[in-house]
Amino acid sequence: MIPRISHSVLRQTRAQLRSKNGPTPVASLSALARLLSSLAVLEQKDGKLNHSSLGAVTAALKLGGSITGFVAGGNIKAVAEEAAKVKGLEKIIAVDNAAYDKGLPENYAPLLAENIKKGGFTHVIAGHTAFGKGLLPRVAALLDVQQISDITAIEDEKTFVRPIYAGNAIATVESSDEIKVITIRGTAFPAAEAEGGSASIEDGVDPKAACPTEWVSEDLAKSDRPDLATAGKVVSGGRGLKSKEEFDRIMLPLADALGAAVGASRAAVDSGYADNSLQVGQTGKVVAPQLYLCAGISGAIQHLAGMKDSKVIAAINKDADAPIFQVADVGLVGDLFEKVPELTEKLKQ
């Protein structure tokens, strides 16, 4: 017969142990880290690794434990070899199948879920990009866990910080799921170093799930300017530019003079002044450049959610009471049709 120990005796015994030996945690942090195993989902396009997706590796490094990278697509060997050089990765799982080239979530999600189950990973991390936002909710559903979206900080292996209400409130969330499925905000986790690693490469499991969706085509705006999501300088135009012709005439020379990427407010995009790939804000891209210079943008809360983490914010607007001036480090009240060309000329000189 097994003797029963009352709760009061058990509490007393624990108290005695603590008084003699100090706190007795179940496992040290280093032991806990050894139990963690993260899978960083890396993006690729046309046989090249997307370096902006390496923020997932940075997030995994903050968690500790072993880190594995995952890539899939046709002729994936070159991408896997490039990923193997990323500092911090111990192993790369690669699936060579052209069906995954476009990252369609309908067949990519079953693929990722099968490899997560096989690898026994505790954390699955991807960028909060169009790819990550389409893929990871499906993966979480297949694993019967809750996704944790758009995190900006990691407190411990089960506690994460994320913005809500367009960034007006910060939520700290704790997950009890065995597998944490996470998307990260790219501006909060810089890309890991692309050199210095020597990860091994192994073939992943390919369930070859049927895909009900067919890739037809894509029409991308091509530009020689820096990529908006990762640029160190961004110039953005708003509805105050009044037309696409004026947007191009005013904003593009300024961007070229600064060597900056071009962005736009949702109002400008909806009015047809700029391509929707240039939209900055809650429903567009979230950017955090060293310099964010905007003209003709009033500062709606949805726009601020996409750029308020910029290091220096400069604004030009004829309305001195525009909300944008409340977050701007430098403000110029004036007619953008006069001030922006004047600024562009001075920069060129």
# chains A, B, ... in the order shown; residues from 1 in each chain; ligands from 1

$ residues_around --residues "A:Asp46" --least-positions-apart "6" --cutoff "10 Å" --atoms "only C-alpha atoms" --output "PyMOL selection string"
chain A and resi 73-76+79+101-102

$ residues_around --residues "A:Cys211" --least-positions-apart "3" --cutoff "9 Å" --atoms "only C-alpha atoms" --output "mmCIF file with all heavy atoms, in the first residue's frame"
data_model
loop_
_atom_site.group_PDB
_atom_site.id
_atom_site.type_symbol
_atom_site.label_atom_id
_atom_site.label_comp_id
_atom_site.auth_asym_id
_atom_site.auth_seq_id
_atom_site.Cartn_x
_atom_site.Cartn_y
_atom_site.Cartn_z
ATOM 1 N N ALA A 99 6.271 21.645 -56.937
ATOM 2 C CA ALA A 99 4.897 21.974 -56.541
ATOM 3 C C ALA A 99 4.871 23.021 -55.436
ATOM 4 O O ALA A 99 3.846 23.670 -55.207
ATOM 5 C CB ALA A 99 4.170 20.710 -56.083
ATOM 6 N N LEU A 104 2.228 28.043 -52.231
ATOM 7 C CA LEU A 104 0.773 28.012 -52.056
ATOM 8 C C LEU A 104 0.443 27.310 -50.732
ATOM 9 O O LEU A 104 0.851 26.167 -50.516
ATOM 10 C CB LEU A 104 0.111 27.269 -53.216
ATOM 11 C CG LEU A 104 0.222 27.938 -54.591
ATOM 12 C CD1 LEU A 104 -0.362 27.037 -55.666
ATOM 13 C CD2 LEU A 104 -0.481 29.283 -54.590
ATOM 14 N N PRO A 105 -0.287 27.959 -49.839
ATOM 15 C CA PRO A 105 -0.513 27.382 -48.502
ATOM 16 C C PRO A 105 -1.331 26.099 -48.526
ATOM 17 O O PRO A 105 -1.233 25.288 -47.613
ATOM 18 C CB PRO A 105 -1.239 28.498 -47.744
ATOM 19 C CG PRO A 105 -1.831 29.362 -48.805
ATOM 20 C CD PRO A 105 -0.898 29.294 -49.970
ATOM 21 N N GLU A 106 -2.132 25.900 -49.579
ATOM 22 C CA GLU A 106 -3.001 24.726 -49.611
ATOM 23 C C GLU A 106 -2.220 23.414 -49.627
ATOM 24 O O GLU A 106 -2.665 22.415 -49.055
ATOM 25 C CB GLU A 106 -3.936 24.782 -50.842
ATOM 26 C CG GLU A 106 -5.041 25.818 -50.739
ATOM 27 C CD GLU A 106 -4.589 27.223 -51.109
ATOM 28 O OE1 GLU A 106 -3.396 27.405 -51.436
ATOM 29 O OE2 GLU A 106 -5.415 28.140 -51.068
ATOM 30 N N ASN A 107 -1.056 23.387 -50.302
ATOM 31 C CA ASN A 107 -0.255 22.152 -50.257
ATOM 32 C C ASN A 107 1.004 22.307 -49.401
ATOM 33 O O ASN A 107 1.576 21.310 -48.951
ATOM 34 C CB ASN A 107 0.114 21.679 -51.673
ATOM 35 C CG ASN A 107 1.033 22.646 -52.412
ATOM 36 O OD1 ASN A 107 1.203 23.791 -52.013
ATOM 37 N ND2 ASN A 107 1.613 22.183 -53.510
ATOM 38 N N TYR A 108 1.422 23.530 -49.147
ATOM 39 C CA TYR A 108 2.616 23.763 -48.324
ATOM 40 C C TYR A 108 2.318 23.465 -46.847
ATOM 41 O O TYR A 108 3.182 22.978 -46.113
ATOM 42 C CB TYR A 108 3.075 25.212 -48.483
ATOM 43 C CG TYR A 108 4.564 25.436 -48.291
ATOM 44 C CD1 TYR A 108 5.379 25.767 -49.359
ATOM 45 C CD2 TYR A 108 5.156 25.337 -47.032
ATOM 46 C CE1 TYR A 108 6.736 25.990 -49.195
ATOM 47 C CE2 TYR A 108 6.512 25.556 -46.854
ATOM 48 C CZ TYR A 108 7.294 25.883 -47.940
ATOM 49 O OH TYR A 108 8.641 26.095 -47.762
ATOM 50 N N LYS A 208 3.132 15.040 -50.542
ATOM 51 C CA LYS A 208 2.586 15.255 -51.893
ATOM 52 C C LYS A 208 1.070 15.439 -51.859
ATOM 53 O O LYS A 208 0.328 14.807 -52.601
ATOM 54 C CB LYS A 208 2.984 14.105 -52.815
ATOM 55 C CG LYS A 208 4.495 13.993 -53.000
ATOM 56 C CD LYS A 208 4.892 12.879 -53.933
ATOM 57 C CE LYS A 208 6.419 12.832 -54.084
ATOM 58 N NZ LYS A 208 6.872 11.711 -54.927
ATOM 59 N N GLU A 214 -4.597 26.533 -58.285
ATOM 60 C CA GLU A 214 -3.636 26.538 -59.395
ATOM 61 C C GLU A 214 -3.013 27.923 -59.533
ATOM 62 O O GLU A 214 -3.717 28.938 -59.499
ATOM 63 C CB GLU A 214 -4.336 26.157 -60.703
ATOM 64 C CG GLU A 214 -3.418 26.173 -61.916
ATOM 65 C CD GLU A 214 -4.155 25.963 -63.220
ATOM 66 O OE1 GLU A 214 -5.385 25.741 -63.174
ATOM 67 O OE2 GLU A 214 -3.508 26.029 -64.289
#

$ closest_residue --among "A:Ala267, A:Arg239, A:Leu343, A:Gly167" --to "A:Asp309" --atoms "only C-alpha atoms"
A:Gly167

$ select_by_dssp --residues "stretch 88-331 of chain A" --states "alpha helix (DSSP H)" --output "ChimeraX atom specification"
/A:105-119,130-143,244-258,266-270,301-304,324-327

$ closest_residue --among "A:Lys158, A:Ile313, A:Thr129, A:Ala169" --to "A:Ala229" --atoms "only C-alpha atoms"
A:Thr129

$ select_by_dssp --residues "stretch 90-237 of chain A" --states "strand (DSSP E or B)" --output "VMD selection string"
chain A and resid 91 to 96 123 to 127 147 to 151 153 to 156 159 to 164 169 to 174 180 to 184 200 to 203 233 to 237
